$ cat coords-v3.txt   # compact mmCIF, C-alpha atoms and all ligand atoms
# COMPACT_ATOMS: atom_id res chain seq x y z
CA MET A 1 -63.16 -117.09 89.61
CA LYS A 2 -64.62 -119.04 86.74
CA LEU A 3 -62.66 -122.28 86.45
CA LEU A 4 -62.42 -124.92 83.76
CA VAL A 5 -61.23 -128.51 84.15
CA VAL A 6 -60.58 -130.64 81.06
CA GLY A 7 -61.11 -134.40 81.43
CA SER A 8 -63.72 -136.92 82.51
CA GLY A 9 -62.45 -139.47 85.05
CA GLY A 10 -62.06 -140.05 88.77
CA ARG A 11 -58.92 -137.91 88.75
CA GLU A 12 -60.90 -134.99 87.35
CA HIS A 13 -63.61 -135.54 89.97
CA ALA A 14 -60.98 -135.33 92.72
CA ILE A 15 -59.50 -132.17 91.17
CA VAL A 16 -62.95 -130.56 90.84
CA ARG A 17 -63.79 -131.34 94.47
CA ALA A 18 -60.49 -129.93 95.73
CA LEU A 19 -60.84 -126.80 93.61
CA GLY A 20 -64.41 -126.40 94.85
CA ARG A 21 -63.09 -125.98 98.39
CA SER A 22 -61.20 -122.85 97.35
CA ALA A 23 -62.74 -119.58 98.53
CA GLU A 24 -61.90 -118.10 95.14
CA ALA A 25 -63.75 -120.71 93.07
CA ASP A 26 -67.16 -119.36 92.07
CA GLU A 27 -68.04 -121.60 89.16
CA ILE A 28 -66.42 -124.75 87.73
CA PHE A 29 -66.99 -126.04 84.21
CA VAL A 30 -65.77 -129.48 83.15
CA LEU A 31 -65.21 -130.58 79.54
CA PRO A 32 -66.70 -133.14 79.17
CA GLY A 33 -66.89 -134.43 82.79
CA ASN A 34 -69.24 -137.30 83.66
CA GLY A 35 -72.55 -138.04 85.35
CA GLY A 36 -71.01 -138.00 88.84
CA ILE A 37 -68.98 -134.83 88.41
CA ALA A 38 -72.18 -133.14 87.17
CA ALA A 39 -73.42 -133.08 90.79
CA GLU A 40 -70.75 -130.51 91.71
CA ALA A 41 -69.75 -128.73 88.50
CA LYS A 42 -71.19 -127.81 85.11
CA CYS A 43 -70.32 -130.53 82.61
CA VAL A 44 -70.40 -129.51 78.95
CA PRO A 45 -70.08 -132.03 76.11
CA VAL A 46 -66.84 -130.84 74.52
CA GLY A 47 -64.37 -133.74 74.09
CA ALA A 48 -61.04 -133.59 75.94
CA LYS A 49 -59.18 -133.97 72.62
CA ASP A 50 -61.16 -131.21 70.84
CA ILE A 51 -58.45 -128.60 71.37
CA ALA A 52 -60.09 -125.89 69.24
CA GLY A 53 -63.44 -126.55 70.93
CA ILE A 54 -61.89 -126.27 74.41
CA ALA A 55 -60.16 -122.97 73.62
CA ALA A 56 -63.31 -121.55 72.00
CA PHE A 57 -65.44 -122.56 75.00
CA ALA A 58 -63.00 -121.00 77.47
CA LYS A 59 -62.87 -117.74 75.57
CA GLU A 60 -66.63 -117.54 75.12
CA GLN A 61 -67.30 -118.21 78.82
CA GLY A 62 -64.59 -115.84 80.04
CA ILE A 63 -62.80 -118.60 81.98
CA ASP A 64 -60.26 -117.15 84.44
CA TYR A 65 -58.17 -120.28 84.96
CA ALA A 66 -58.08 -123.75 83.41
CA VAL A 67 -56.69 -127.11 84.49
CA VAL A 68 -55.91 -129.62 81.74
CA ALA A 69 -55.76 -133.04 83.43
CA PRO A 70 -55.34 -135.88 80.86
CA ASP A 71 -52.25 -136.72 78.82
CA ASP A 72 -53.83 -136.55 75.34
CA PRO A 73 -54.93 -132.90 75.36
CA LEU A 74 -51.65 -131.86 77.02
CA VAL A 75 -49.59 -133.61 74.33
CA LEU A 76 -51.91 -132.19 71.65
CA GLY A 77 -51.30 -128.62 72.87
CA ALA A 78 -54.44 -127.75 74.86
CA VAL A 79 -52.43 -125.49 77.19
CA ASP A 80 -50.85 -123.68 74.24
CA ALA A 81 -54.28 -123.14 72.67
CA LEU A 82 -55.85 -121.92 75.92
CA GLU A 83 -52.96 -119.53 76.54
CA GLU A 84 -53.35 -118.17 73.01
CA ALA A 85 -57.01 -117.60 73.86
CA GLY A 86 -55.84 -115.59 76.88
CA VAL A 87 -56.66 -118.21 79.51
CA PRO A 88 -53.93 -119.05 82.07
CA CYS A 89 -53.61 -122.80 82.67
CA PHE A 90 -52.29 -125.45 84.97
CA GLY A 91 -50.38 -127.98 82.89
CA PRO A 92 -47.35 -128.13 80.59
CA ARG A 93 -47.28 -126.81 77.06
CA ALA A 94 -46.95 -129.39 74.29
CA ASN A 95 -43.19 -128.93 74.04
CA ALA A 96 -42.86 -130.02 77.70
CA ALA A 97 -45.66 -132.62 77.69
CA ILE A 98 -43.42 -134.57 75.30
CA ILE A 99 -41.74 -135.93 78.46
CA GLU A 100 -44.70 -138.32 78.54
CA GLY A 101 -45.66 -138.12 74.85
CA SER A 102 -42.41 -139.68 73.67
CA LYS A 103 -40.64 -142.34 75.72
CA ALA A 104 -37.60 -142.00 73.44
CA PHE A 105 -37.45 -138.29 74.29
CA ALA A 106 -37.72 -139.04 78.02
CA LYS A 107 -35.00 -141.70 77.88
CA ASP A 108 -32.63 -139.50 75.88
CA LEU A 109 -33.20 -136.64 78.32
CA MET A 110 -32.34 -138.88 81.28
CA GLN A 111 -29.26 -140.22 79.51
CA ARG A 112 -28.02 -136.72 78.60
CA TYR A 113 -28.46 -135.41 82.14
CA GLY A 114 -27.36 -138.48 84.11
CA ILE A 115 -30.78 -139.18 85.64
CA PRO A 116 -30.96 -142.80 86.85
CA THR A 117 -33.13 -145.05 84.65
CA ALA A 118 -33.06 -148.48 82.98
CA LYS A 119 -30.52 -149.00 80.16
CA TYR A 120 -32.22 -148.76 76.78
CA ALA A 121 -32.01 -148.41 73.03
CA THR A 122 -34.46 -146.81 70.60
CA PHE A 123 -35.40 -148.20 67.18
CA GLU A 124 -37.35 -147.12 64.13
CA ASP A 125 -36.59 -150.30 62.21
CA ALA A 126 -38.05 -153.65 63.34
CA GLY A 127 -35.14 -155.69 61.96
CA GLU A 128 -32.60 -153.62 63.89
CA ALA A 129 -34.70 -153.93 67.05
CA GLU A 130 -34.80 -157.73 66.66
CA SER A 131 -31.03 -157.94 66.10
CA TYR A 132 -30.50 -155.87 69.24
CA ILE A 133 -32.75 -158.21 71.26
CA ASP A 134 -30.49 -161.09 70.14
CA THR A 135 -27.56 -159.39 71.88
CA LEU A 136 -29.40 -159.30 75.25
CA PRO A 137 -29.21 -162.08 77.82
CA GLU A 138 -32.15 -164.53 77.69
CA GLY A 139 -34.89 -163.50 80.13
CA ASN A 140 -37.16 -160.54 80.70
CA VAL A 141 -37.03 -157.70 78.17
CA VAL A 142 -39.17 -154.56 78.31
CA VAL A 143 -40.59 -153.29 75.00
CA LYS A 144 -42.29 -149.87 74.99
CA ALA A 145 -44.20 -148.09 72.24
CA ASP A 146 -42.73 -144.59 71.96
CA GLY A 147 -46.01 -142.66 72.03
CA LEU A 148 -49.20 -142.57 74.10
CA ALA A 149 -51.05 -145.89 74.05
CA LEU A 150 -53.76 -145.58 76.71
CA GLY A 151 -51.32 -146.98 79.25
CA LYS A 152 -51.05 -150.24 77.32
CA GLY A 153 -47.87 -149.63 75.34
CA VAL A 154 -45.49 -151.40 77.74
CA ILE A 155 -44.83 -155.12 77.23
CA ILE A 156 -42.79 -157.04 79.79
CA ALA A 157 -41.65 -159.92 77.60
CA GLY A 158 -40.54 -163.10 79.38
CA SER A 159 -38.06 -164.11 76.69
CA ARG A 160 -36.20 -162.80 73.64
CA ALA A 161 -38.71 -164.53 71.36
CA GLU A 162 -41.63 -162.84 73.10
CA ALA A 163 -39.86 -159.50 72.94
CA LYS A 164 -39.36 -159.90 69.19
CA SER A 165 -42.99 -160.70 68.65
CA ALA A 166 -43.95 -157.60 70.67
CA VAL A 167 -41.66 -155.55 68.45
CA ARG A 168 -43.26 -156.98 65.30
CA GLU A 169 -46.76 -156.32 66.62
CA MET A 170 -45.94 -152.72 67.40
CA MET A 171 -43.74 -151.83 64.45
CA LEU A 172 -45.11 -153.97 61.62
CA ASP A 173 -48.73 -154.77 62.58
CA GLY A 174 -49.46 -151.27 63.86
CA LYS A 175 -50.84 -152.46 67.19
CA PHE A 176 -50.64 -149.00 68.76
CA GLY A 177 -50.89 -147.03 65.52
CA ALA A 178 -48.36 -144.24 65.10
CA SER A 179 -47.38 -144.57 68.79
CA GLY A 180 -45.66 -147.89 68.08
CA ARG A 181 -43.71 -146.93 64.98
CA ARG A 182 -40.76 -146.22 67.20
CA VAL A 183 -39.96 -148.50 70.16
CA VAL A 184 -37.77 -148.29 73.23
CA ILE A 185 -36.22 -151.57 74.37
CA GLU A 186 -35.25 -151.51 77.97
CA GLU A 187 -33.47 -153.47 80.65
CA PHE A 188 -35.86 -155.18 83.11
CA LEU A 189 -35.58 -153.67 86.58
CA THR A 190 -36.88 -155.07 89.84
CA GLY A 191 -38.00 -153.52 93.08
CA PRO A 192 -41.04 -151.89 94.64
CA GLU A 193 -42.62 -149.05 92.68
CA VAL A 194 -43.37 -145.61 94.08
CA SER A 195 -45.42 -142.87 92.43
CA VAL A 196 -44.54 -139.28 93.25
CA LEU A 197 -46.72 -136.52 91.84
CA SER A 198 -45.11 -133.12 92.14
CA PHE A 199 -46.06 -129.51 91.66
CA THR A 200 -43.56 -127.53 89.64
CA ASP A 201 -43.34 -124.03 88.21
CA GLY A 202 -40.38 -124.94 86.03
CA GLU A 203 -37.77 -124.29 88.74
CA THR A 204 -39.07 -125.27 92.15
CA VAL A 205 -40.34 -128.82 92.66
CA VAL A 206 -42.70 -129.64 95.51
CA PRO A 207 -43.41 -133.36 95.75
CA MET A 208 -46.85 -134.36 96.99
CA VAL A 209 -47.41 -137.27 99.34
CA SER A 210 -45.97 -140.42 97.73
CA SER A 211 -48.28 -143.25 96.74
CA MET A 212 -48.48 -146.86 95.61
CA ASP A 213 -50.65 -147.77 92.65
CA HIS A 214 -51.97 -151.31 92.01
CA LYS A 215 -51.84 -151.66 88.25
CA ARG A 216 -52.79 -155.31 87.74
CA ALA A 217 -56.44 -156.26 87.48
CA HIS A 218 -56.46 -159.04 90.07
CA ASP A 219 -55.36 -159.86 93.60
CA GLY A 220 -51.73 -160.71 94.22
CA ASP A 221 -50.69 -158.47 91.29
CA THR A 222 -51.96 -160.91 88.69
CA GLY A 223 -53.99 -160.35 85.54
CA LEU A 224 -53.70 -157.66 82.91
CA ASN A 225 -52.32 -154.18 83.44
CA THR A 226 -55.07 -151.63 84.04
CA GLY A 227 -55.17 -147.88 84.52
CA GLY A 228 -54.93 -148.60 88.27
CA MET A 229 -57.21 -150.54 90.65
CA GLY A 230 -56.37 -148.79 93.90
CA VAL A 231 -53.81 -146.64 95.67
CA VAL A 232 -52.44 -146.14 99.13
CA ALA A 233 -50.60 -143.04 100.31
CA PRO A 234 -48.00 -142.45 101.58
CA ASN A 235 -45.90 -145.28 100.13
CA PRO A 236 -43.87 -146.99 102.91
CA TYR A 237 -40.94 -147.60 100.53
CA TYR A 238 -40.53 -143.85 100.10
CA THR A 239 -38.56 -143.06 103.25
CA ASP A 240 -37.20 -139.59 104.06
CA GLU A 241 -33.79 -140.79 102.94
CA VAL A 242 -35.13 -142.00 99.58
CA ALA A 243 -37.06 -138.75 99.20
CA ALA A 244 -33.90 -136.70 99.67
CA GLU A 245 -32.03 -138.85 97.16
CA CYS A 246 -34.85 -138.52 94.61
CA MET A 247 -34.96 -134.75 95.00
CA GLU A 248 -31.22 -134.46 94.42
CA LYS A 249 -30.73 -137.06 91.68
CA ILE A 250 -34.08 -137.13 89.89
CA PHE A 251 -36.62 -134.37 90.58
CA LEU A 252 -34.46 -131.24 90.41
CA PRO A 253 -32.23 -132.57 87.60
CA THR A 254 -35.33 -133.34 85.52
CA VAL A 255 -36.93 -129.93 85.95
CA ARG A 256 -33.59 -128.17 85.32
CA ALA A 257 -32.96 -130.32 82.24
CA MET A 258 -36.34 -129.44 80.78
CA LYS A 259 -35.69 -125.75 81.34
CA LYS A 260 -32.25 -125.99 79.78
CA GLU A 261 -33.77 -127.71 76.73
CA GLY A 262 -36.14 -124.77 76.27
CA ARG A 263 -39.06 -126.92 77.42
CA THR A 264 -39.85 -125.43 80.84
CA PHE A 265 -42.30 -127.78 82.54
CA LYS A 266 -45.08 -126.21 84.59
CA GLY A 267 -47.85 -128.25 86.15
CA CYS A 268 -47.90 -131.68 87.74
CA LEU A 269 -44.90 -133.81 86.90
CA TYR A 270 -45.41 -137.45 87.85
CA PHE A 271 -42.37 -139.56 88.63
CA GLY A 272 -42.94 -143.30 88.29
CA LEU A 273 -40.03 -144.72 90.27
CA MET A 274 -38.62 -148.12 91.03
CA MET A 275 -36.60 -148.75 94.19
CA THR A 276 -33.93 -150.97 92.65
CA PRO A 277 -30.98 -152.55 94.50
CA ASP A 278 -28.90 -149.72 92.93
CA GLY A 279 -31.18 -146.98 94.24
CA PRO A 280 -34.26 -145.23 92.88
CA LYS A 281 -34.62 -145.15 89.08
CA VAL A 282 -37.19 -143.55 86.80
CA ILE A 283 -39.57 -146.02 85.14
CA GLU A 284 -41.64 -143.33 83.51
CA TYR A 285 -42.57 -139.68 83.57
CA ASN A 286 -46.15 -138.53 83.21
CA CYS A 287 -46.92 -134.93 82.34
CA ARG A 288 -50.03 -134.89 84.55
CA PHE A 289 -51.72 -136.08 87.71
CA GLY A 290 -51.97 -139.88 87.91
CA ASP A 291 -55.28 -141.64 88.04
CA PRO A 292 -56.18 -143.06 90.56
CA GLU A 293 -53.17 -141.65 92.50
CA THR A 294 -54.81 -138.21 92.54
CA GLN A 295 -57.87 -139.70 94.24
CA ALA A 296 -55.68 -140.81 97.16
CA VAL A 297 -53.32 -137.82 97.27
CA LEU A 298 -55.60 -134.77 97.00
CA PRO A 299 -57.78 -135.72 99.99
CA LEU A 300 -54.59 -135.30 102.08
CA LEU A 301 -53.83 -131.81 100.71
CA GLU A 302 -54.54 -129.17 103.34
CA SER A 303 -53.45 -126.16 101.29
CA ASP A 304 -55.74 -124.50 98.77
CA LEU A 305 -55.25 -126.37 95.46
CA LEU A 306 -56.16 -123.38 93.32
CA THR A 307 -53.60 -121.18 95.07
CA VAL A 308 -50.87 -123.78 94.59
CA MET A 309 -51.77 -124.34 90.94
CA ARG A 310 -51.76 -120.64 90.13
CA ALA A 311 -48.38 -120.28 91.83
CA CYS A 312 -47.06 -122.99 89.47
CA THR A 313 -48.40 -121.14 86.44
CA GLU A 314 -47.02 -117.80 87.62
CA GLY A 315 -43.57 -119.09 88.62
CA ARG A 316 -43.99 -118.39 92.35
CA LEU A 317 -44.23 -121.90 93.76
CA ALA A 318 -41.35 -121.20 96.17
CA ASP A 319 -43.51 -118.53 97.85
CA VAL A 320 -46.54 -120.65 98.71
CA GLU A 321 -47.03 -123.26 101.39
CA VAL A 322 -47.99 -126.73 100.19
CA LYS A 323 -49.18 -128.68 103.19
CA PHE A 324 -50.35 -132.27 103.42
CA ALA A 325 -52.07 -133.89 106.41
CA LYS A 326 -49.86 -136.31 108.32
CA LYS A 327 -52.41 -139.03 107.68
CA CYS A 328 -52.84 -142.00 105.38
CA SER A 329 -55.30 -142.67 102.61
CA CYS A 330 -56.57 -145.60 100.62
CA CYS A 331 -58.49 -145.37 97.35
CA LEU A 332 -60.36 -148.46 96.16
CA VAL A 333 -61.46 -148.61 92.56
CA LYS A 334 -64.65 -150.43 91.63
CA ALA A 335 -64.65 -151.51 88.00
CA SER A 336 -67.05 -153.24 85.62
CA ALA A 337 -66.46 -157.02 85.53
CA GLY A 338 -64.24 -157.86 82.56
CA TYR A 339 -62.24 -154.61 82.63
CA PRO A 340 -59.63 -153.96 81.16
CA GLU A 341 -61.08 -156.10 78.38
CA LYS A 342 -64.74 -156.33 77.40
CA TYR A 343 -67.24 -155.27 80.08
CA ALA A 344 -70.93 -154.44 80.41
CA THR A 345 -72.30 -150.95 81.21
CA GLY A 346 -75.69 -149.49 82.17
CA SER A 347 -75.94 -150.69 85.82
CA GLU A 348 -77.30 -148.23 88.34
CA ILE A 349 -74.88 -147.07 91.05
CA LYS A 350 -76.50 -147.08 94.50
CA VAL A 351 -75.18 -145.70 97.76
CA GLU A 352 -76.61 -147.04 101.04
CA GLY A 353 -76.52 -144.71 104.01
CA GLU A 354 -73.95 -142.04 104.87
CA LEU A 355 -70.50 -142.39 103.36
CA ASP A 356 -67.58 -141.47 105.61
CA ALA A 357 -65.25 -141.33 102.60
CA GLU A 358 -64.75 -139.48 99.33
CA LEU A 359 -66.67 -140.97 96.42
CA TYR A 360 -65.22 -140.10 93.04
CA ILE A 361 -67.05 -141.10 89.89
CA ALA A 362 -64.91 -142.15 86.93
CA GLY A 363 -67.18 -143.88 84.42
CA ALA A 364 -70.88 -143.14 84.80
CA LYS A 365 -73.58 -141.08 83.15
CA LEU A 366 -76.93 -139.69 84.19
CA GLU A 367 -79.95 -141.43 82.73
CA GLU A 368 -83.33 -140.05 83.79
CA GLY A 369 -81.85 -138.88 87.05
CA ARG A 370 -80.15 -142.22 87.78
CA LEU A 371 -76.38 -142.62 87.79
CA VAL A 372 -75.50 -145.62 85.59
CA THR A 373 -72.14 -147.14 84.74
CA SER A 374 -70.60 -146.21 81.41
CA GLY A 375 -66.95 -147.20 81.72
CA GLY A 376 -64.41 -149.81 82.82
CA ARG A 377 -63.23 -148.08 85.94
CA VAL A 378 -66.48 -146.81 87.45
CA LEU A 379 -65.67 -145.16 90.76
CA GLY A 380 -63.14 -144.69 93.52
CA VAL A 381 -63.79 -144.64 97.28
CA THR A 382 -61.08 -142.90 99.30
CA ALA A 383 -60.82 -143.17 103.07
CA VAL A 384 -58.43 -141.14 105.23
CA ALA A 385 -57.23 -142.23 108.68
CA ASP A 386 -54.34 -141.86 111.10
CA THR A 387 -52.69 -145.11 110.06
CA LEU A 388 -52.46 -147.00 106.79
CA GLU A 389 -54.08 -150.03 108.39
CA GLU A 390 -57.12 -147.99 109.44
CA ALA A 391 -57.34 -146.23 106.07
CA VAL A 392 -57.40 -149.55 104.22
CA ALA A 393 -60.00 -151.09 106.56
CA LYS A 394 -62.16 -147.97 106.35
CA ALA A 395 -61.96 -147.83 102.54
CA TYR A 396 -63.23 -151.42 102.31
CA ARG A 397 -65.94 -150.74 104.89
CA GLU A 398 -67.16 -147.60 103.15
CA ALA A 399 -66.87 -149.07 99.64
CA ASP A 400 -69.27 -151.77 100.82
CA LYS A 401 -71.98 -149.11 100.88
CA VAL A 402 -71.58 -148.38 97.16
CA HIS A 403 -72.84 -150.95 94.69
CA PHE A 404 -73.65 -151.67 91.07
CA ASP A 405 -74.46 -154.91 89.29
CA GLY A 406 -71.40 -156.53 87.78
CA GLU A 407 -68.89 -154.71 89.97
CA PHE A 408 -65.44 -156.02 90.69
CA PHE A 409 -62.59 -154.72 92.80
CA ARG A 410 -59.36 -155.98 94.26
CA LYS A 411 -59.51 -157.34 97.79
CA ASP A 412 -55.83 -156.70 98.55
CA ILE A 413 -55.28 -152.99 97.99
CA GLY A 414 -52.67 -151.87 100.53
CA ALA A 415 -51.65 -155.43 101.49
CA ARG A 416 -48.14 -155.08 100.10
CA ALA A 417 -47.67 -151.67 101.72
CA LEU A 418 -48.86 -152.99 105.09
CA ALA A 419 -46.54 -155.98 104.82
CA ALA A 420 -43.63 -153.62 104.06
CA LYS A 421 -44.48 -151.52 107.10
CA ARG A 422 -44.48 -154.56 109.32
CA GLY A 423 -41.04 -155.38 107.86
P1 LIG B 1 -45.60 -147.60 82.32
O1 LIG B 1 -46.76 -147.65 81.37
O2 LIG B 1 -44.38 -146.97 81.80
O3 LIG B 1 -46.05 -147.13 83.69
O4 LIG B 1 -45.22 -149.11 82.60
C1 LIG B 1 -46.16 -149.97 83.13
C2 LIG B 1 -45.51 -150.86 84.14
O5 LIG B 1 -44.54 -151.67 83.51
C3 LIG B 1 -44.72 -150.11 85.22
O6 LIG B 1 -45.54 -149.68 86.25
C4 LIG B 1 -43.77 -151.20 85.67
O7 LIG B 1 -44.43 -152.07 86.57
C5 LIG B 1 -43.50 -151.94 84.42
N1 LIG B 1 -42.20 -151.53 83.83
C6 LIG B 1 -41.97 -150.51 82.98
N2 LIG B 1 -40.67 -150.44 82.68
C7 LIG B 1 -40.05 -151.41 83.36
C8 LIG B 1 -38.69 -151.85 83.48
N3 LIG B 1 -37.68 -151.27 82.81
N4 LIG B 1 -38.43 -152.90 84.29
C9 LIG B 1 -39.42 -153.53 84.96
N5 LIG B 1 -40.71 -153.17 84.89
C10 LIG B 1 -41.03 -152.13 84.10
N1 LIG B 2 -52.11 -144.72 87.51
C1 LIG B 2 -51.09 -144.54 86.55
C2 LIG B 2 -51.23 -143.36 85.71
O1 LIG B 2 -52.00 -142.47 85.92
O2 LIG B 2 -50.49 -143.30 84.73

$ encode --input "coords-v3.txt" --output "structure tokens"
Amino acid sequence: MKLLVVGSGGREHAIVRALGRSAEADEIFVLPGNGGIAAEAKCVPVGAKDIAGIAAFAKEQGIDYAVVAPDDPLVLGAVDALEEAGVPCFGPRANAAIIEGSKAFAKDLMQRYGIPTAKYATFEDAGEAESYIDTLPEGNVVVKADGLALGKGVIIAGSRAEAKSAVREMMLDGKFGASGRRVVIEEFLTGPEVSVLSFTDGETVVPMVSSMDHKRAHDGDTGLNTGGMGVVAPNPYYTDEVAAECMEKIFLPTVRAMKKEGRTFKGCLYFGLMMTPDGPKVIEYNCRFGDPETQAVLPLLESDLLTVMRACTEGRLADVEVKFAKKCSCCLVKASAGYPEKYATGSEIKVEGELDAELYIAGAKLEEGRLVTSGGRVLGVTAVADTLEEAVAKAYREADKVHFDGEFFRKDIGARALAAKRG
């Protein structure tokens, strides 16, 4: 089969590598991909948000199956456009991708169907939002831009005054453009977070191995929020008991609700959960694979990814086996110093010796045959082992063989998970 993957990060590299293991995959194109992915697939410079360009490329090349990985093209209707061009796809149509594209939609859906989440209110008027904040107890308030904001649209305000200034920045100063014209104000929840990516065909939900992201830039969960600096899988807070509760109260109700609303969701539905004292609650939905979660989760998948994806598209997920290794993984992200703010690019990435790990490139390009950094998050190194402790140690050991000038990475990926395991 001729396959197409839309996107350009470490997540896409992990998807391309997993698809490449399929006996049915003959050729993989990536739009636009990156300098690292180019070593194992054909990268073509069509932007991930160029929906018409993606559909035209797929049609022209006679693509048999496409995977749309990032949120933007999904929300913009890339799957709809590819399907119209006669190309079956993995990923939700735009009317289902709204579960990530509009936080107000997601919250209303959860409220209507009794799916546990933080209490909230939605506003389109800054004055009304500020008056509402005045009615809340003094302390932490969560302010969220309604639309996509490159993962930066969530402000955890420490006081009512801070929350009001976040509202003004979003709604009056246009900080996140159109995405911040509407805001969701939410109760602050506490507890460990768990990410669960799931395969779904719109009826059946098959959760993948759970994982724990590390969103803050620096050790000890300090510094700015990033796209994710490392992941361990499985997540020790996601016990079998919690998993059963999530399936019954969150996963199935969400997929059934979407179907009932005429927005059948097919693809990867990502549940961002918090284990609160009142049980698991939804912090966010993503309409796609997480990044870097995918870089930790897919190396544990033993089943053929292409077969599972096509079963989702064709509504036969219940008939296929989705098997994960009973092992643990740790993905370390190496970023350019300064990320998520200003950072330098153009350093050569060098690998010393044999790597006993997966190396996924996220932000690099080829320059005269050399791989040089071109992004904030540059690469991910994923190690797999029998225990979490070994996986973490191995990831650090192997990542030490991969270098670029001006690199930075967290030294404590997995520390919280290991502490939880030790009780
Ligand atoms: P999101 O972009 O929705 O993933 O939010 C980013 C991060 O903000 C989440 O991973 C949580 O750590 C935090 N967060 C979001 N909503 C809440 C909430 N209601 N209470 C506490 N923390 C939250
Ligand atoms: N790592 C978080 C996300 O992909 O949204």

$ closest_residue --input "coords-v3.txt" --among "A:Ser195, A:Thr135, A:Gln111, A:Ser179" --to "ligand LIG 1 (chain B)" --atoms "only C-alpha atoms and all ligand atoms"
A:Ser195

$ atom_distance --input "coords-v3.txt" --atom1 "atom CA of A:Pro277" --atom2 "atom CA of A:Ser211"
19.8 Å

$ residues_around --input "coords-v3.txt" --residues "A:Leu197" --least-positions-apart "6" --cutoff "7 Å" --atoms "all atoms listed in the file" --output "MDAnalysis selection string"
chainID A and resid 207:208 268:271 289

$ residues_near_ligand --input "coords-v3.txt" --ligand "ligand LIG 1 (chain B)" --cutoff "7 Å" --atoms "all atoms listed in the file" --output "list of chain:residue names"
A:Ala118, A:Val142, A:Gly151, A:Lys152, A:Gly153, A:Val154, A:Ile156, A:Glu186, A:Glu187, A:Phe188, A:Leu189, A:Thr190, A:Lys215, A:Gly272, A:Ile283, A:Glu284

$ axis_aligned_box --input "coords-v3.txt" --around "stretch 69-74 of chain A" --padding-each-side "4 Å" --output "AutoDock Vina command-line options"
--center_x -53.7 --center_y -134.3 --center_z 79.4 --size_x 12.1 --size_y 12.9 --size_z 16.1

$ residues_near_ligand --input "coords-v3.txt" --ligand "ligand LIG 2 (chain B)" --cutoff "6 Å" --atoms "all atoms listed in the file" --output "VMD selection string"
chain A and resid 227 to 228 290 to 293

$ residues_around --input "coords-v3.txt" --residues "A:Leu150" --least-positions-apart "3" --cutoff "10 Å" --atoms "all atoms listed in the file" --output "list of chain:residue names"
A:Asp71, A:Asp72, A:Gly147, A:Gly153, A:Phe176, A:Thr226, A:Gly227

$ atom_distance --input "coords-v3.txt" --atom1 "atom CA of A:Ala81" --atom2 "atom CA of A:Val322"
28.5 Å

$ atom_distance --input "coords-v3.txt" --atom1 "atom CA of A:Glu162" --atom2 "atom CA of A:Val282"
24.1 Å

$ closest_residue --input "coords-v3.txt" --among "A:Lys327, A:Lys144, A:Leu4, A:Asp64" --to "A:Cys43" --atoms "only C-alpha atoms"
A:Leu4

$ residues_around --input "coords-v3.txt" --residues "A:Arg377" --least-positions-apart "6" --cutoff "7 Å" --atoms "only C-alpha atoms" --output "PyMOL selection string"
chain A and resi 333-336+362-363

$ closest_residue --input "coords-v3.txt" --among "A:Glu321, A:Glu389, A:Glu124, A:Glu138" --to "A:Ala233" --atoms "all atoms listed in the file"
A:Glu389

$ closest_atom_pairs --input "coords-v3.txt" --of "stretch 64-126 of chain A" --to "stretch 201-204 of chain A" --cutoff "10 Å" --atoms "only C-alpha atoms" --output "tab-separated table"
residue	atom	partner	partner_atom	distance
A:Phe90	CA	A:Asp201	CA	9.6
A:Gly91	CA	A:Asp201	CA	9.7
A:Pro92	CA	A:Gly202	CA	9.4

$ closest_residue --input "coords-v3.txt" --among "A:Asn34, A:Thr373, A:Ser347, A:Thr387" --to "A:Asp405" --atoms "all atoms listed in the file"
A:Ser347

$ residues_around --input "coords-v3.txt" --residues "stretch 339-344 of chain A" --least-positions-apart "6" --cutoff "8 Å" --atoms "only C-alpha atoms" --output "CSV table (one decimal) with C-alpha atoms, keeping the file's coordinate frame"
chain,number,residue,atom,x,y,z
A,217,ALA,CA,-56.4,-156.3,87.5
A,224,LEU,CA,-53.7,-157.7,82.9
A,225,ASN,CA,-52.3,-154.2,83.4
A,226,THR,CA,-55.1,-151.6,84.0
A,376,GLY,CA,-64.4,-149.8,82.8
A,377,ARG,CA,-63.2,-148.1,85.9
A,406,GLY,CA,-71.4,-156.5,87.8

$ residues_near_point --input "coords-v3.txt" --point "(-62.4, -128.9, 74.2)" --cutoff "8 Å" --atoms "all atoms listed in the file" --output "VMD selection string"
chain A and resid 6 31 to 32 46 to 57
